[in-house]
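**Q** Below is one structure. I have some questions about it.
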Amino acid sequence: MTRNGWILDTSIANIAFRKKDRWYTPANPLLAGTTLKRLIQEEVLIPRTIHQSDINQFEAFKIFNAMNAWNETEEMECSGIS
């Protein structure tokens, strides 16, 4: 989901993008749930604004929520996003 081109979330979960060994998540999510807050607090995720035109700067992404353990969530390549 986007608003004016800015990435927010998916319809059912949060999203994070990997660049090298760091994971970034949208700074203004629609779903600010407990898992997202915990991963930010643990510094697993770094909040930042992410525009849809920025996606090609990232190598991979994950979609996650409280039902999916972060370490067990599949990492997918950003090259498949259009």
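Naming works like this for the structure tokens: A, B, ... for the chains as they're shown, residue 1 at the start of each chain, ligands 1 onward in shown order.
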Can you list, as a PyMOL selection string, every protein, DNA or RNA residue that comes within 6 Å of A:Phe64 when you count only C-alpha atoms, leaving out same-chain residues fewer than 2 positions away?

**A** chain A and resi 13-14+68

**Q** Would you export the selected residues with N, CA and C atoms as a tab-separated table (two decimals), in the first residue's frame, please?

**A**
chain	number	residue	atom	x	y	z
A	13	ALA	N	0.00	-7.04	6.57
A	13	ALA	CA	1.22	-7.12	7.38
A	13	ALA	C	2.12	-5.92	7.13
A	14	ASN	N	3.16	-5.83	7.93
A	14	ASN	CA	4.19	-4.82	7.73
A	14	ASN	C	5.19	-5.31	6.69
A	68	ASN	N	3.98	-14.33	12.24
A	68	ASN	CA	5.18	-14.85	11.58
A	68	ASN	C	6.42	-14.42	12.35

**Q** Any idea what's packed within 8 Å of stretch 27-35 of chain A, counting only C-alpha atoms, ignoring anything in its chain fewer than 5 positions away? Could you give it as a ChimeraX atom specification?

**A** /A:8-9,13-14,47-50,65-66

**Q** Write to file, as a PDB file, in the first residue's frame, the residues of the selection just made, with all heavy atoms.

**A**
ATOM      1  N   LEU A   8       3.784   2.240   2.723  1.00  0.00           N
ATOM      2  CA  LEU A   8       3.242   2.204   4.081  1.00  0.00           C
ATOM      3  C   LEU A   8       3.302   0.793   4.653  1.00  0.00           C
ATOM      4  O   LEU A   8       3.949   0.559   5.658  1.00  0.00           O
ATOM      5  CB  LEU A   8       1.797   2.708   4.085  1.00  0.00           C
ATOM      6  CG  LEU A   8       1.580   4.114   3.515  1.00  0.00           C
ATOM      7  CD1 LEU A   8       0.091   4.415   3.427  1.00  0.00           C
ATOM      8  CD2 LEU A   8       2.291   5.149   4.359  1.00  0.00           C
ATOM      9  N   ASP A   9       2.609  -0.141   4.067  1.00  0.00           N
ATOM     10  CA  ASP A   9       2.469  -1.517   4.539  1.00  0.00           C
ATOM     11  C   ASP A   9       1.904  -2.350   3.406  1.00  0.00           C
ATOM     12  O   ASP A   9       1.634  -1.845   2.329  1.00  0.00           O
ATOM     13  CB  ASP A   9       1.461  -1.606   5.701  1.00  0.00           C
ATOM     14  CG  ASP A   9       1.999  -1.137   7.024  1.00  0.00           C
ATOM     15  OD1 ASP A   9       3.130  -1.522   7.358  1.00  0.00           O
ATOM     16  OD2 ASP A   9       1.281  -0.407   7.724  1.00  0.00           O
ATOM     17  N   ALA A  13      -0.005  -7.037   6.571  1.00  0.00           N
ATOM     18  CA  ALA A  13       1.216  -7.119   7.385  1.00  0.00           C
ATOM     19  C   ALA A  13       2.117  -5.919   7.125  1.00  0.00           C
ATOM     20  O   ALA A  13       1.881  -5.134   6.218  1.00  0.00           O
ATOM     21  CB  ALA A  13       1.962  -8.406   7.051  1.00  0.00           C
ATOM     22  N   ASN A  14       3.161  -5.834   7.929  1.00  0.00           N
ATOM     23  CA  ASN A  14       4.194  -4.816   7.732  1.00  0.00           C
ATOM     24  C   ASN A  14       5.185  -5.308   6.690  1.00  0.00           C
ATOM     25  O   ASN A  14       5.219  -6.485   6.346  1.00  0.00           O
ATOM     26  CB  ASN A  14       4.925  -4.546   9.044  1.00  0.00           C
ATOM     27  CG  ASN A  14       4.013  -3.986  10.105  1.00  0.00           C
ATOM     28  OD1 ASN A  14       3.687  -4.677  11.045  1.00  0.00           O
ATOM     29  ND2 ASN A  14       3.601  -2.747   9.962  1.00  0.00           N
ATOM     30  N   PRO A  47      13.366   2.537  11.040  1.00  0.00           N
ATOM     31  CA  PRO A  47      12.295   3.255  10.341  1.00  0.00           C
ATOM     32  C   PRO A  47      12.870   4.363   9.449  1.00  0.00           C
ATOM     33  O   PRO A  47      13.816   5.056   9.842  1.00  0.00           O
ATOM     34  CB  PRO A  47      11.466   3.869  11.465  1.00  0.00           C
ATOM     35  CG  PRO A  47      11.945   3.258  12.731  1.00  0.00           C
ATOM     36  CD  PRO A  47      13.323   2.736  12.469  1.00  0.00           C
ATOM     37  N   ARG A  48      12.313   4.494   8.265  1.00  0.00           N
ATOM     38  CA  ARG A  48      12.682   5.587   7.356  1.00  0.00           C
ATOM     39  C   ARG A  48      11.593   5.734   6.318  1.00  0.00           C
ATOM     40  O   ARG A  48      10.836   4.791   6.073  1.00  0.00           O
ATOM     41  CB  ARG A  48      14.032   5.360   6.688  1.00  0.00           C
ATOM     42  CG  ARG A  48      14.065   4.170   5.738  1.00  0.00           C
ATOM     43  CD  ARG A  48      15.288   4.135   4.896  1.00  0.00           C
ATOM     44  NE  ARG A  48      15.079   4.873   3.666  1.00  0.00           N
ATOM     45  CZ  ARG A  48      15.871   4.835   2.619  1.00  0.00           C
ATOM     46  NH1 ARG A  48      16.966   4.107   2.659  1.00  0.00           N
ATOM     47  NH2 ARG A  48      15.619   5.515   1.542  1.00  0.00           N
ATOM     48  N   THR A  49      11.515   6.891   5.728  1.00  0.00           N
ATOM     49  CA  THR A  49      10.562   7.062   4.639  1.00  0.00           C
ATOM     50  C   THR A  49      11.104   6.316   3.428  1.00  0.00           C
ATOM     51  O   THR A  49      12.304   6.364   3.137  1.00  0.00           O
ATOM     52  CB  THR A  49      10.333   8.548   4.309  1.00  0.00           C
ATOM     53  OG1 THR A  49      11.590   9.159   4.043  1.00  0.00           O
ATOM     54  CG2 THR A  49       9.647   9.264   5.474  1.00  0.00           C
ATOM     55  N   ILE A  50      10.208   5.601   2.761  1.00  0.00           N
ATOM     56  CA  ILE A  50      10.600   4.811   1.587  1.00  0.00           C
ATOM     57  C   ILE A  50       9.599   5.117   0.474  1.00  0.00           C
ATOM     58  O   ILE A  50       8.411   4.834   0.601  1.00  0.00           O
ATOM     59  CB  ILE A  50      10.601   3.301   1.894  1.00  0.00           C
ATOM     60  CG1 ILE A  50      11.554   2.995   3.055  1.00  0.00           C
ATOM     61  CG2 ILE A  50      10.977   2.504   0.641  1.00  0.00           C
ATOM     62  CD1 ILE A  50      11.471   1.564   3.568  1.00  0.00           C
ATOM     63  N   ASN A  65       4.218 -10.097  10.363  1.00  0.00           N
ATOM     64  CA  ASN A  65       3.263  -9.635  11.369  1.00  0.00           C
ATOM     65  C   ASN A  65       3.431 -10.496  12.617  1.00  0.00           C
ATOM     66  O   ASN A  65       4.365 -11.297  12.696  1.00  0.00           O
ATOM     67  CB  ASN A  65       1.830  -9.644  10.837  1.00  0.00           C
ATOM     68  CG  ASN A  65       1.366 -10.999  10.377  1.00  0.00           C
ATOM     69  OD1 ASN A  65       1.801 -12.038  10.866  1.00  0.00           O
ATOM     70  ND2 ASN A  65       0.458 -11.013   9.415  1.00  0.00           N
ATOM     71  N   ALA A  66       2.541 -10.367  13.570  1.00  0.00           N
ATOM     72  CA  ALA A  66       2.657 -11.102  14.831  1.00  0.00           C
ATOM     73  C   ALA A  66       2.515 -12.611  14.650  1.00  0.00           C
ATOM     74  O   ALA A  66       2.936 -13.375  15.514  1.00  0.00           O
ATOM     75  CB  ALA A  66       1.611 -10.601  15.823  1.00  0.00           C
TER      76      ALA A  66
END

**Q** Please return as an MDAnalysis selection string: the residues of chain A that backbone DSSP assigns to helix (DSSP H, G or I).

**A** chainID A and resid 34:41 52:57 70:72 78:80

**Q** Would you mind exporting all heavy atoms of the selected residues as a compact mmCIF listing (two decimals), in the first residue's frame?

**A**
# COMPACT_ATOMS: atom_id res chain seq x y z
N THR A 34 2.60 -4.70 17.59
CA THR A 34 3.59 -5.04 18.61
C THR A 34 4.87 -5.62 18.02
O THR A 34 5.95 -5.31 18.51
CB THR A 34 2.99 -6.03 19.63
OG1 THR A 34 2.54 -7.19 18.94
CG2 THR A 34 1.83 -5.41 20.38
N THR A 35 4.76 -6.45 16.99
CA THR A 35 5.96 -7.03 16.39
C THR A 35 6.82 -5.95 15.75
O THR A 35 8.03 -5.92 15.95
CB THR A 35 5.59 -8.12 15.37
OG1 THR A 35 4.86 -9.15 16.04
CG2 THR A 35 6.82 -8.70 14.71
N LEU A 36 6.20 -5.07 15.02
CA LEU A 36 6.93 -3.96 14.40
C LEU A 36 7.63 -3.12 15.47
O LEU A 36 8.82 -2.84 15.37
CB LEU A 36 5.99 -3.08 13.58
CG LEU A 36 6.62 -1.84 12.95
CD1 LEU A 36 7.67 -2.22 11.92
CD2 LEU A 36 5.55 -0.96 12.35
N LYS A 37 6.91 -2.75 16.50
CA LYS A 37 7.50 -1.93 17.57
C LYS A 37 8.66 -2.64 18.25
O LYS A 37 9.69 -2.03 18.53
CB LYS A 37 6.43 -1.57 18.59
CG LYS A 37 5.43 -0.57 18.07
CD LYS A 37 4.35 -0.30 19.09
CE LYS A 37 3.29 0.62 18.52
NZ LYS A 37 2.18 0.84 19.45
N ARG A 38 8.51 -3.95 18.50
CA ARG A 38 9.58 -4.71 19.15
C ARG A 38 10.82 -4.77 18.27
O ARG A 38 11.94 -4.57 18.74
CB ARG A 38 9.09 -6.13 19.48
CG ARG A 38 10.17 -6.99 20.13
CD ARG A 38 9.66 -8.38 20.48
NE ARG A 38 9.00 -9.06 19.39
CZ ARG A 38 9.62 -9.70 18.39
NH1 ARG A 38 10.94 -9.73 18.33
NH2 ARG A 38 8.93 -10.30 17.43
N LEU A 39 10.65 -5.03 16.97
CA LEU A 39 11.79 -5.13 16.06
C LEU A 39 12.52 -3.79 15.91
O LEU A 39 13.74 -3.75 15.78
CB LEU A 39 11.35 -5.68 14.70
CG LEU A 39 10.90 -7.13 14.71
CD1 LEU A 39 10.27 -7.51 13.37
CD2 LEU A 39 12.05 -8.07 15.04
N ILE A 40 11.78 -2.70 15.99
CA ILE A 40 12.41 -1.38 15.96
C ILE A 40 13.17 -1.15 17.27
O ILE A 40 14.32 -0.71 17.25
CB ILE A 40 11.36 -0.27 15.71
CG1 ILE A 40 10.82 -0.38 14.28
CG2 ILE A 40 11.96 1.11 15.98
CD1 ILE A 40 9.63 0.50 13.99
N GLN A 41 12.54 -1.48 18.38
CA GLN A 41 13.19 -1.31 19.68
C GLN A 41 14.46 -2.15 19.78
O GLN A 41 15.46 -1.70 20.35
CB GLN A 41 12.22 -1.68 20.80
CG GLN A 41 12.77 -1.45 22.18
CD GLN A 41 11.75 -1.78 23.26
OE1 GLN A 41 10.81 -2.52 23.04
NE2 GLN A 41 11.96 -1.21 24.42
N GLN A 52 8.22 4.65 -3.44
CA GLN A 52 8.20 3.52 -4.37
C GLN A 52 9.34 3.62 -5.39
O GLN A 52 9.84 2.60 -5.86
CB GLN A 52 6.85 3.39 -5.06
CG GLN A 52 6.44 4.57 -5.90
CD GLN A 52 4.98 4.51 -6.32
OE1 GLN A 52 4.15 3.97 -5.61
NE2 GLN A 52 4.69 5.06 -7.48
N SER A 53 9.82 4.80 -5.66
CA SER A 53 10.97 4.96 -6.57
C SER A 53 12.29 4.53 -5.92
O SER A 53 13.29 4.38 -6.59
CB SER A 53 11.07 6.40 -7.07
OG SER A 53 11.30 7.27 -5.98
N ASP A 54 12.29 4.33 -4.59
CA ASP A 54 13.48 3.89 -3.86
C ASP A 54 13.67 2.38 -3.87
O ASP A 54 14.74 1.89 -3.49
CB ASP A 54 13.43 4.33 -2.38
CG ASP A 54 13.38 5.83 -2.20
OD1 ASP A 54 13.92 6.55 -3.06
OD2 ASP A 54 12.80 6.27 -1.19
N ILE A 55 12.65 1.64 -4.25
CA ILE A 55 12.68 0.19 -4.11
C ILE A 55 13.87 -0.44 -4.83
O ILE A 55 14.46 -1.39 -4.33
CB ILE A 55 11.35 -0.44 -4.56
CG1 ILE A 55 10.26 -0.06 -3.56
CG2 ILE A 55 11.45 -1.95 -4.68
CD1 ILE A 55 8.89 -0.52 -3.92
N ASN A 56 14.29 0.13 -5.95
CA ASN A 56 15.42 -0.44 -6.69
C ASN A 56 16.74 -0.29 -5.94
O ASN A 56 17.74 -0.87 -6.33
CB ASN A 56 15.51 0.14 -8.10
CG ASN A 56 15.78 1.63 -8.10
OD1 ASN A 56 15.83 2.28 -7.06
ND2 ASN A 56 15.93 2.19 -9.28
N GLN A 57 16.77 0.47 -4.84
CA GLN A 57 17.98 0.60 -4.02
C GLN A 57 18.16 -0.57 -3.05
O GLN A 57 19.21 -0.74 -2.47
CB GLN A 57 17.93 1.88 -3.20
CG GLN A 57 17.89 3.14 -4.01
CD GLN A 57 17.71 4.36 -3.12
OE1 GLN A 57 17.88 4.30 -1.90
NE2 GLN A 57 17.37 5.48 -3.73
N TRP A 70 10.05 -13.29 12.82
CA TRP A 70 10.92 -12.55 11.91
C TRP A 70 11.97 -13.46 11.26
O TRP A 70 12.17 -13.43 10.06
CB TRP A 70 11.60 -11.40 12.65
CG TRP A 70 12.64 -10.69 11.83
CD1 TRP A 70 13.99 -10.84 11.93
CD2 TRP A 70 12.41 -9.76 10.77
NE1 TRP A 70 14.61 -10.04 11.01
CE2 TRP A 70 13.67 -9.37 10.28
CE3 TRP A 70 11.27 -9.22 10.19
CZ2 TRP A 70 13.82 -8.45 9.25
CZ3 TRP A 70 11.42 -8.32 9.15
CH2 TRP A 70 12.68 -7.94 8.69
N ASN A 71 12.64 -14.28 12.05
CA ASN A 71 13.71 -15.14 11.54
C ASN A 71 13.20 -16.26 10.64
O ASN A 71 13.98 -16.87 9.92
CB ASN A 71 14.52 -15.73 12.69
CG ASN A 71 15.32 -14.67 13.41
OD1 ASN A 71 15.64 -13.63 12.84
ND2 ASN A 71 15.61 -14.90 14.66
N GLU A 72 11.91 -16.54 10.67
CA GLU A 72 11.33 -17.59 9.84
C GLU A 72 10.59 -17.03 8.63
O GLU A 72 10.09 -17.78 7.81
CB GLU A 72 10.38 -18.44 10.69
CG GLU A 72 11.10 -19.17 11.80
CD GLU A 72 10.15 -19.89 12.74
OE1 GLU A 72 8.94 -19.99 12.43
OE2 GLU A 72 10.62 -20.36 13.79
N CYS A 78 13.85 -7.95 -4.36
CA CYS A 78 13.15 -6.75 -4.83
C CYS A 78 13.11 -6.65 -6.34
O CYS A 78 12.30 -5.93 -6.89
CB CYS A 78 13.80 -5.49 -4.26
SG CYS A 78 13.44 -5.24 -2.52
N SER A 79 13.94 -7.40 -7.02
CA SER A 79 13.97 -7.32 -8.49
C SER A 79 12.65 -7.73 -9.11
O SER A 79 12.37 -7.38 -10.25
CB SER A 79 15.10 -8.19 -9.04
OG SER A 79 14.90 -9.54 -8.67
N GLY A 80 11.81 -8.45 -8.39
CA GLY A 80 10.51 -8.88 -8.91
C GLY A 80 9.40 -7.87 -8.71
O GLY A 80 8.29 -8.07 -9.17

**Q** Report the distance between atom CA of A:Ala69 and atom CA of A:Ile46 in Å, rounded to one decimal place.

**A**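 Computed distance, atom CA of A:Ala69 to atom CA of A:Ile46, equals 17.6 Å.
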
**Q** Please report, as a PDB file with N, CA and C atoms, in the first residue's frame, each residue of stretch 2-71 of chain A to which DSSP assigns strand (DSSP E) when run on this structure's backbone.

**A**
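The file below, selection12.pdb, is the result:
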ATOM      1  N   THR A   2       0.469   2.214  -0.744  1.00  0.00           N
ATOM      2  CA  THR A   2       1.208   3.469  -0.818  1.00  0.00           C
ATOM      3  C   THR A   2       0.259   4.648  -0.631  1.00  0.00           C
ATOM      4  N   ARG A   3       0.822   5.763  -0.262  1.00  0.00           N
ATOM      5  CA  ARG A   3       0.088   7.026  -0.212  1.00  0.00           C
ATOM      6  C   ARG A   3       0.985   8.062  -0.867  1.00  0.00           C
ATOM      7  N   TRP A   6       4.505   6.940  -1.329  1.00  0.00           N
ATOM      8  CA  TRP A   6       5.266   6.518  -0.157  1.00  0.00           C
ATOM      9  C   TRP A   6       4.778   5.156   0.306  1.00  0.00           C
ATOM     10  N   ILE A   7       5.705   4.225   0.535  1.00  0.00           N
ATOM     11  CA  ILE A   7       5.374   2.872   0.983  1.00  0.00           C
ATOM     12  C   ILE A   7       4.890   2.948   2.432  1.00  0.00           C
ATOM     13  N   ASN A  14       3.161  -5.834   7.929  1.00  0.00           N
ATOM     14  CA  ASN A  14       4.194  -4.816   7.732  1.00  0.00           C
ATOM     15  C   ASN A  14       5.185  -5.308   6.690  1.00  0.00           C
ATOM     16  N   ILE A  15       6.003  -4.385   6.216  1.00  0.00           N
ATOM     17  CA  ILE A  15       7.011  -4.719   5.213  1.00  0.00           C
ATOM     18  C   ILE A  15       8.342  -4.107   5.630  1.00  0.00           C
ATOM     19  N   ALA A  16       9.416  -4.791   5.280  1.00  0.00           N
ATOM     20  CA  ALA A  16      10.766  -4.283   5.537  1.00  0.00           C
ATOM     21  C   ALA A  16      11.618  -4.576   4.314  1.00  0.00           C
ATOM     22  N   PHE A  17      12.568  -3.701   4.050  1.00  0.00           N
ATOM     23  CA  PHE A  17      13.448  -3.818   2.896  1.00  0.00           C
ATOM     24  C   PHE A  17      14.898  -3.915   3.365  1.00  0.00           C
ATOM     25  N   ARG A  18      15.665  -4.812   2.722  1.00  0.00           N
ATOM     26  CA  ARG A  18      17.071  -4.995   3.090  1.00  0.00           C
ATOM     27  C   ARG A  18      17.977  -4.301   2.092  1.00  0.00           C
ATOM     28  N   LYS A  19      18.952  -3.578   2.640  1.00  0.00           N
ATOM     29  CA  LYS A  19      20.038  -2.978   1.857  1.00  0.00           C
ATOM     30  C   LYS A  19      21.317  -3.383   2.565  1.00  0.00           C
ATOM     31  N   ARG A  22      21.376  -4.289   6.531  1.00  0.00           N
ATOM     32  CA  ARG A  22      20.429  -3.512   7.351  1.00  0.00           C
ATOM     33  C   ARG A  22      19.014  -3.639   6.800  1.00  0.00           C
ATOM     34  N   TRP A  23      18.048  -3.662   7.705  1.00  0.00           N
ATOM     35  CA  TRP A  23      16.631  -3.752   7.337  1.00  0.00           C
ATOM     36  C   TRP A  23      15.935  -2.431   7.672  1.00  0.00           C
ATOM     37  N   TYR A  24      15.167  -1.927   6.709  1.00  0.00           N
ATOM     38  CA  TYR A  24      14.448  -0.663   6.854  1.00  0.00           C
ATOM     39  C   TYR A  24      12.951  -0.917   6.708  1.00  0.00           C
ATOM     40  N   THR A  25      12.177  -0.194   7.488  1.00  0.00           N
ATOM     41  CA  THR A  25      10.727  -0.323   7.437  1.00  0.00           C
ATOM     42  C   THR A  25      10.125   1.070   7.290  1.00  0.00           C
ATOM     43  N   PRO A  26       8.977   1.199   6.649  1.00  0.00           N
ATOM     44  CA  PRO A  26       8.382   2.523   6.487  1.00  0.00           C
ATOM     45  C   PRO A  26       8.196   3.247   7.823  1.00  0.00           C
ATOM     46  N   LEU A  45      15.067  -3.433  12.876  1.00  0.00           N
ATOM     47  CA  LEU A  45      14.515  -2.593  11.806  1.00  0.00           C
ATOM     48  C   LEU A  45      14.828  -1.135  12.080  1.00  0.00           C
ATOM     49  N   ILE A  46      15.068  -0.402  11.006  1.00  0.00           N
ATOM     50  CA  ILE A  46      15.303   1.035  11.087  1.00  0.00           C
ATOM     51  C   ILE A  46      14.165   1.729  10.346  1.00  0.00           C
ATOM     52  N   PRO A  47      13.366   2.537  11.040  1.00  0.00           N
ATOM     53  CA  PRO A  47      12.295   3.255  10.341  1.00  0.00           C
ATOM     54  C   PRO A  47      12.870   4.363   9.449  1.00  0.00           C
ATOM     55  N   ARG A  48      12.313   4.494   8.265  1.00  0.00           N
ATOM     56  CA  ARG A  48      12.682   5.587   7.356  1.00  0.00           C
ATOM     57  C   ARG A  48      11.593   5.734   6.318  1.00  0.00           C
ATOM     58  N   ALA A  60      16.266  -6.920  -1.065  1.00  0.00           N
ATOM     59  CA  ALA A  60      15.236  -7.890  -0.690  1.00  0.00           C
ATOM     60  C   ALA A  60      14.204  -7.233   0.213  1.00  0.00           C
ATOM     61  N   PHE A  61      13.096  -7.952   0.420  1.00  0.00           N
ATOM     62  CA  PHE A  61      12.078  -7.482   1.352  1.00  0.00           C
ATOM     63  C   PHE A  61      11.463  -8.663   2.086  1.00  0.00           C
ATOM     64  N   LYS A  62      10.834  -8.360   3.215  1.00  0.00           N
ATOM     65  CA  LYS A  62      10.083  -9.342   4.000  1.00  0.00           C
ATOM     66  C   LYS A  62       8.735  -8.733   4.345  1.00  0.00           C
ATOM     67  N   ILE A  63       7.730  -9.586   4.382  1.00  0.00           N
ATOM     68  CA  ILE A  63       6.409  -9.201   4.852  1.00  0.00           C
ATOM     69  C   ILE A  63       6.190  -9.967   6.140  1.00  0.00           C
ATOM     70  N   PHE A  64       5.819  -9.268   7.213  1.00  0.00           N
ATOM     71  CA  PHE A  64       5.752  -9.916   8.523  1.00  0.00           C
ATOM     72  C   PHE A  64       4.630  -9.323   9.374  1.00  0.00           C
TER      73      PHE A  64
END

**Q** Mind pulling up the distance from atom CA of A:Thr10 to atom CA of A:His51?

**A**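 Separation between atom CA of A:His51 and atom CA of A:Thr10: 14.2 Å.
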